[in-house]
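As provided, run-v4.txt (compact mmCIF, N, CA and C atoms) reads as follows.
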# COMPACT_ATOMS: atom_id res chain seq x y z
N MET A 13 0.84 -1.18 0.00
CA MET A 13 0.00 0.00 0.00
C MET A 13 0.89 1.25 0.00
N ALA A 14 0.60 2.18 -0.86
CA ALA A 14 1.38 3.40 -0.96
C ALA A 14 1.14 4.29 0.26
N LYS A 15 2.21 4.92 0.72
CA LYS A 15 2.11 5.83 1.86
C LYS A 15 1.52 7.17 1.41
N VAL A 16 0.59 7.66 2.17
CA VAL A 16 -0.01 8.96 1.88
C VAL A 16 0.90 10.03 2.48
N PRO A 17 1.33 11.01 1.70
CA PRO A 17 2.22 12.05 2.22
C PRO A 17 1.56 12.82 3.37
N SER A 18 2.37 13.22 4.33
CA SER A 18 1.85 13.96 5.48
C SER A 18 1.19 15.27 5.06
N ALA A 19 1.66 15.86 3.97
CA ALA A 19 1.04 17.09 3.48
C ALA A 19 -0.42 16.85 3.10
N VAL A 20 -0.69 15.71 2.50
CA VAL A 20 -2.06 15.37 2.11
C VAL A 20 -2.91 15.08 3.34
N VAL A 21 -2.34 14.38 4.32
CA VAL A 21 -3.07 14.06 5.55
C VAL A 21 -3.46 15.35 6.27
N ALA A 22 -2.50 16.27 6.40
CA ALA A 22 -2.77 17.53 7.11
C ALA A 22 -3.82 18.37 6.38
N ALA A 23 -3.67 18.52 5.08
CA ALA A 23 -4.64 19.31 4.32
C ALA A 23 -6.02 18.67 4.37
N ALA A 24 -6.06 17.35 4.27
CA ALA A 24 -7.35 16.65 4.34
C ALA A 24 -8.00 16.81 5.70
N GLY A 25 -7.18 16.88 6.75
CA GLY A 25 -7.74 17.10 8.09
C GLY A 25 -8.40 18.45 8.23
N LEU A 26 -7.78 19.48 7.68
CA LEU A 26 -8.37 20.82 7.75
C LEU A 26 -9.62 20.92 6.90
N VAL A 27 -9.55 20.46 5.67
CA VAL A 27 -10.70 20.53 4.76
C VAL A 27 -11.80 19.58 5.23
N GLY A 28 -11.41 18.36 5.58
CA GLY A 28 -12.39 17.37 6.03
C GLY A 28 -13.05 17.75 7.34
N GLY A 29 -12.29 18.34 8.24
CA GLY A 29 -12.86 18.78 9.51
C GLY A 29 -13.92 19.85 9.30
N TYR A 30 -13.59 20.81 8.45
CA TYR A 30 -14.57 21.86 8.17
C TYR A 30 -15.80 21.28 7.46
N GLY A 31 -15.54 20.45 6.45
CA GLY A 31 -16.65 19.86 5.70
C GLY A 31 -17.56 19.01 6.58
N ALA A 32 -16.96 18.20 7.44
CA ALA A 32 -17.76 17.36 8.34
C ALA A 32 -18.61 18.20 9.28
N ALA A 33 -18.04 19.27 9.81
CA ALA A 33 -18.80 20.14 10.71
C ALA A 33 -19.91 20.86 9.97
N ARG A 34 -19.60 21.35 8.81
CA ARG A 34 -20.59 22.11 8.04
C ARG A 34 -21.75 21.24 7.59
N TRP A 35 -21.43 20.08 7.00
CA TRP A 35 -22.49 19.26 6.42
C TRP A 35 -23.28 18.46 7.45
N SER A 36 -22.66 18.16 8.58
CA SER A 36 -23.39 17.41 9.61
C SER A 36 -24.10 18.34 10.59
N GLY A 37 -23.63 19.59 10.66
CA GLY A 37 -24.18 20.51 11.65
C GLY A 37 -23.63 20.24 13.04
N LYS A 38 -22.63 19.37 13.14
CA LYS A 38 -22.05 19.00 14.44
C LYS A 38 -20.58 19.40 14.46
N ARG A 39 -20.29 20.47 15.20
CA ARG A 39 -18.91 20.95 15.28
C ARG A 39 -17.98 19.92 15.91
N GLN A 40 -18.53 19.12 16.82
CA GLN A 40 -17.71 18.10 17.48
C GLN A 40 -17.19 17.07 16.47
N LEU A 41 -17.99 16.72 15.49
CA LEU A 41 -17.56 15.79 14.46
C LEU A 41 -16.42 16.39 13.65
N GLY A 42 -16.54 17.65 13.29
CA GLY A 42 -15.47 18.33 12.58
C GLY A 42 -14.19 18.37 13.41
N GLY A 43 -14.34 18.62 14.70
CA GLY A 43 -13.18 18.64 15.59
C GLY A 43 -12.51 17.28 15.68
N ALA A 44 -13.32 16.22 15.68
CA ALA A 44 -12.76 14.87 15.73
C ALA A 44 -11.97 14.56 14.47
N VAL A 45 -12.52 14.92 13.32
CA VAL A 45 -11.81 14.71 12.05
C VAL A 45 -10.50 15.49 12.06
N LEU A 46 -10.56 16.74 12.47
CA LEU A 46 -9.38 17.59 12.55
C LEU A 46 -8.32 16.98 13.47
N ALA A 47 -8.74 16.49 14.64
CA ALA A 47 -7.81 15.94 15.62
C ALA A 47 -7.18 14.63 15.15
N VAL A 48 -7.97 13.74 14.58
CA VAL A 48 -7.44 12.45 14.12
C VAL A 48 -6.42 12.66 12.99
N ALA A 49 -6.76 13.51 12.05
CA ALA A 49 -5.83 13.77 10.94
C ALA A 49 -4.58 14.48 11.45
N GLY A 50 -4.74 15.40 12.39
CA GLY A 50 -3.59 16.10 12.96
C GLY A 50 -2.65 15.16 13.69
N ALA A 51 -3.23 14.22 14.44
CA ALA A 51 -2.41 13.24 15.16
C ALA A 51 -1.67 12.32 14.17
N ALA A 52 -2.35 11.91 13.13
CA ALA A 52 -1.72 11.04 12.12
C ALA A 52 -0.59 11.79 11.41
N ALA A 53 -0.83 13.04 11.06
CA ALA A 53 0.21 13.84 10.41
C ALA A 53 1.39 14.05 11.36
N ALA A 54 1.11 14.32 12.63
CA ALA A 54 2.18 14.55 13.60
C ALA A 54 3.07 13.32 13.75
N GLN A 55 2.48 12.14 13.73
CA GLN A 55 3.29 10.92 13.79
C GLN A 55 4.21 10.82 12.59
N GLN A 56 3.68 11.10 11.41
CA GLN A 56 4.50 11.07 10.20
C GLN A 56 5.60 12.13 10.27
N TRP A 57 5.27 13.32 10.73
CA TRP A 57 6.26 14.39 10.81
C TRP A 57 7.39 13.99 11.75
N ARG A 58 7.05 13.38 12.87
CA ARG A 58 8.07 12.96 13.83
C ARG A 58 9.00 11.91 13.21
N ARG A 59 8.42 10.94 12.52
CA ARG A 59 9.22 9.89 11.88
C ARG A 59 10.11 10.45 10.77
N GLN A 60 9.56 11.36 9.99
CA GLN A 60 10.27 11.85 8.81
C GLN A 60 11.25 12.98 9.09
N ALA A 61 10.92 13.84 10.04
CA ALA A 61 11.72 15.06 10.22
C ALA A 61 12.19 15.29 11.65
N GLY A 62 11.78 14.44 12.60
CA GLY A 62 12.22 14.60 13.98
C GLY A 62 11.23 15.37 14.84
N GLY A 63 11.51 15.36 16.13
CA GLY A 63 10.60 15.94 17.12
C GLY A 63 10.41 17.43 17.02
N LYS A 64 11.50 18.18 16.82
CA LYS A 64 11.37 19.64 16.74
C LYS A 64 10.53 20.05 15.54
N ALA A 65 10.81 19.44 14.41
CA ALA A 65 10.03 19.75 13.20
C ALA A 65 8.57 19.36 13.38
N ALA A 66 8.35 18.20 14.01
CA ALA A 66 6.97 17.76 14.24
C ALA A 66 6.23 18.73 15.14
N GLY A 67 6.91 19.23 16.17
CA GLY A 67 6.29 20.23 17.05
C GLY A 67 5.94 21.51 16.31
N ALA A 68 6.87 21.96 15.47
CA ALA A 68 6.62 23.19 14.70
C ALA A 68 5.49 23.00 13.70
N LEU A 69 5.47 21.86 13.03
CA LEU A 69 4.40 21.59 12.05
C LEU A 69 3.05 21.42 12.74
N THR A 70 3.04 20.80 13.91
CA THR A 70 1.78 20.67 14.65
C THR A 70 1.28 22.04 15.06
N ALA A 71 2.19 22.91 15.51
CA ALA A 71 1.80 24.28 15.86
C ALA A 71 1.25 25.01 14.64
N ALA A 72 1.88 24.80 13.48
CA ALA A 72 1.38 25.43 12.25
C ALA A 72 -0.02 24.93 11.90
N TYR A 73 -0.26 23.64 12.11
CA TYR A 73 -1.57 23.04 11.84
C TYR A 73 -2.64 23.68 12.73
N VAL A 74 -2.34 23.80 14.03
CA VAL A 74 -3.30 24.39 14.97
C VAL A 74 -3.51 25.88 14.65
N CYS A 75 -2.42 26.58 14.34
CA CYS A 75 -2.55 28.00 14.00
C CYS A 75 -3.34 28.20 12.71
N ALA A 76 -3.17 27.29 11.76
CA ALA A 76 -3.94 27.38 10.52
C ALA A 76 -5.43 27.22 10.80
N PHE A 77 -5.76 26.25 11.65
CA PHE A 77 -7.16 26.06 12.04
C PHE A 77 -7.71 27.32 12.70
N ALA A 78 -6.97 27.84 13.68
CA ALA A 78 -7.43 29.04 14.39
C ALA A 78 -7.48 30.25 13.46
N GLY A 79 -6.47 30.39 12.61
CA GLY A 79 -6.42 31.54 11.71
C GLY A 79 -7.45 31.52 10.61
N SER A 80 -7.97 30.33 10.29
CA SER A 80 -8.97 30.25 9.23
C SER A 80 -10.27 30.94 9.64
N HIS A 81 -10.53 31.03 10.93
CA HIS A 81 -11.78 31.65 11.38
C HIS A 81 -11.84 33.15 11.09
N PRO A 82 -10.86 33.94 11.54
CA PRO A 82 -10.93 35.38 11.18
C PRO A 82 -10.74 35.62 9.68
N LEU A 83 -9.93 34.78 9.04
CA LEU A 83 -9.75 34.93 7.59
C LEU A 83 -11.06 34.70 6.85
N ALA A 84 -11.89 33.77 7.35
CA ALA A 84 -13.17 33.46 6.71
C ALA A 84 -14.09 34.68 6.69
N LYS A 85 -13.96 35.54 7.68
CA LYS A 85 -14.80 36.74 7.71
C LYS A 85 -14.44 37.71 6.58
N LYS A 86 -13.22 37.59 6.08
CA LYS A 86 -12.76 38.48 5.00
C LYS A 86 -12.94 37.89 3.62
N VAL A 87 -12.69 36.58 3.48
CA VAL A 87 -12.70 35.98 2.14
C VAL A 87 -13.76 34.90 1.94
N GLY A 88 -14.42 34.50 3.01
CA GLY A 88 -15.40 33.43 2.93
C GLY A 88 -14.85 32.15 3.53
N ALA A 89 -15.75 31.27 3.92
CA ALA A 89 -15.35 30.07 4.65
C ALA A 89 -14.50 29.12 3.81
N TRP A 90 -15.03 28.71 2.65
CA TRP A 90 -14.27 27.73 1.85
C TRP A 90 -12.94 28.28 1.35
N PRO A 91 -12.88 29.51 0.83
CA PRO A 91 -11.57 30.03 0.42
C PRO A 91 -10.57 30.07 1.58
N SER A 92 -11.05 30.41 2.76
CA SER A 92 -10.19 30.44 3.93
C SER A 92 -9.65 29.06 4.26
N VAL A 93 -10.53 28.08 4.34
CA VAL A 93 -10.12 26.71 4.68
C VAL A 93 -9.17 26.16 3.62
N LEU A 94 -9.49 26.36 2.37
CA LEU A 94 -8.62 25.86 1.30
C LEU A 94 -7.27 26.57 1.31
N GLY A 95 -7.27 27.85 1.62
CA GLY A 95 -6.01 28.59 1.68
C GLY A 95 -5.10 28.11 2.79
N VAL A 96 -5.65 27.97 4.00
CA VAL A 96 -4.79 27.52 5.10
C VAL A 96 -4.39 26.06 4.92
N ALA A 97 -5.26 25.25 4.34
CA ALA A 97 -4.90 23.85 4.08
C ALA A 97 -3.76 23.78 3.07
N GLY A 98 -3.81 24.60 2.05
CA GLY A 98 -2.73 24.64 1.07
C GLY A 98 -1.42 25.10 1.69
N ALA A 99 -1.50 26.09 2.56
CA ALA A 99 -0.29 26.60 3.21
C ALA A 99 0.34 25.52 4.10
N VAL A 100 -0.49 24.83 4.87
CA VAL A 100 0.02 23.77 5.74
C VAL A 100 0.59 22.63 4.90
N ALA A 101 -0.07 22.29 3.81
CA ALA A 101 0.44 21.23 2.95
C ALA A 101 1.80 21.60 2.36
N LEU A 102 1.95 22.83 1.93
CA LEU A 102 3.21 23.28 1.36
C LEU A 102 4.34 23.22 2.38
N VAL A 103 4.08 23.71 3.58
CA VAL A 103 5.10 23.70 4.63
C VAL A 103 5.42 22.25 5.02
N SER A 104 4.41 21.42 5.14
CA SER A 104 4.61 20.02 5.49
C SER A 104 5.46 19.32 4.45
N TRP A 105 5.17 19.56 3.19
CA TRP A 105 5.97 18.95 2.13
C TRP A 105 7.42 19.42 2.21
N ALA A 106 7.61 20.74 2.39
CA ALA A 106 8.96 21.28 2.40
C ALA A 106 9.79 20.77 3.58
N VAL A 107 9.16 20.60 4.73
CA VAL A 107 9.89 20.20 5.93
C VAL A 107 10.02 18.69 6.05
N ALA A 108 8.97 17.94 5.72
CA ALA A 108 8.98 16.50 6.00
C ALA A 108 8.92 15.62 4.76
N ASP A 109 8.00 15.85 3.87
CA ASP A 109 7.77 14.92 2.76
C ASP A 109 8.85 14.97 1.70
N ARG A 110 9.41 16.11 1.45
CA ARG A 110 10.43 16.28 0.41
C ARG A 110 11.64 15.39 0.68
N ARG A 111 11.93 15.14 1.93
CA ARG A 111 13.09 14.33 2.31
C ARG A 111 12.93 12.87 1.93
N GLY A 112 11.68 12.41 1.94
CA GLY A 112 11.44 10.97 1.74
C GLY A 112 11.41 10.59 0.32

How does the structure come out when it is put into structure tokens?
Amino acid sequence: MAKVPSAVVAAAGLVGGYGAARWSGKRQLGGAVLAVAGAAAAQQWRRQAGGKAAGALTAAYVCAFAGSHPLAKKVGAWPSVLGVAGAVALVSWAVADRRG
């Protein structure tokens, strides 16, 4: 089975978390999707790039989630989520996935 890059896992967690919350009407479900994907990405980051990088990437993931909320007020919900997911994916690829 092919390994899914951590950049894809992280971006999918942000987009999937928002989508799950929006379409189900249950924010807790979106939070669960966000947390599970974040934990999976963090494990990959630690294996691929080490503990310090994993900590920094996890902080970026959480900041992207938090930052998408005020950004959504300016550009809209989906553009905000897609933008921060793309940014996290790019940083994840540059720090962890590119090495593998």

One decimal, in Å: what's the spacing between atom N of Ala68 (chain A) and atom N of Val48 (chain A)?
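Interatomic distance here is 17.0 Å.
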
Given 4 Å on each side, where is the centre and what are the edge lengths in Å to one decimal of the axis-aligned box enclosing the listed atoms of region 41-50 of chain A, as AutoDock Vina command-line options?
--center_x -10.3 --center_y 15.5 --center_z 13.3 --size_x 23.3 --size_y 14.2 --size_z 12.8

Please provide the set of residues having any atom within 8 Å of Asp109 (chain A), restricted to all atoms listed in the file, with same-chain residues fewer than 5 positions apart removed, written as a list of chain:residue names.
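Answer for this query is A:Pro17, A:Ser18, A:Ala19, A:Gln56, A:Trp57, A:Gln60, A:Ala61, A:Val103, A:Ser104.
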
Can you tell me how far CA of Leu26 (chain A) sits from CA of Arg110 (chain A), in Å to one decimal?
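Taking CA of Leu26 (chain A) and CA of Arg110 (chain A), their separation equals 20.7 Å.
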
Between A:Ala71, A:Ala89, A:Ala66, A:Val96, which is the closest to Gly31 (chain A) once you count only C-alpha atoms?
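Closest to Gly31 (chain A) of all the choices is A:Ala89.
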
Taking 6 positions as the minimum chain separation for residues in the same chain, which residues sit within 6.5 Å of region 93-95 of chain A when counting only N, CA and C atoms? Answer as a list in words.
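The contact residues come out as Leu26, Val27, Ser80 and Ala84 of chain A.
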
Take the residues just selected and output them with N, CA and C atoms as a CSV table (one decimal), in the frame of the given file.
chain,number,residue,atom,x,y,z
A,26,LEU,N,-7.8,19.5,7.7
A,26,LEU,CA,-8.4,20.8,7.8
A,26,LEU,C,-9.6,20.9,6.9
A,27,VAL,N,-9.6,20.5,5.7
A,27,VAL,CA,-10.7,20.5,4.8
A,27,VAL,C,-11.8,19.6,5.2
A,80,SER,N,-8.0,30.3,10.3
A,80,SER,CA,-9.0,30.2,9.2
A,80,SER,C,-10.3,30.9,9.6
A,84,ALA,N,-11.9,33.8,7.4
A,84,ALA,CA,-13.2,33.5,6.7
A,84,ALA,C,-14.1,34.7,6.7

Selected residue, from A:Leu69, A:Ala53, A:Leu46, A:Val107, that lies nearest to Gly28 (chain A) when counting only N, CA and C atoms
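Smallest separation from Gly28 (chain A) among the options: A:Leu46.
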
Kindly give the distance, in Å, that separates atom N of Val20 (chain A) and atom N of Ala108 (chain A), rounded to a single decimal.
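Atom-to-atom, atom N of Val20 (chain A) and atom N of Ala108 (chain A) are spaced 10.4 Å apart.
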
Residue with smallest distance to Ala101 (chain A) - pool A:Phe77, A:Pro82, A:Ala23, A:Lys38, counting all atoms listed in the file
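Under the stated criterion, the closest residue is A:Ala23.
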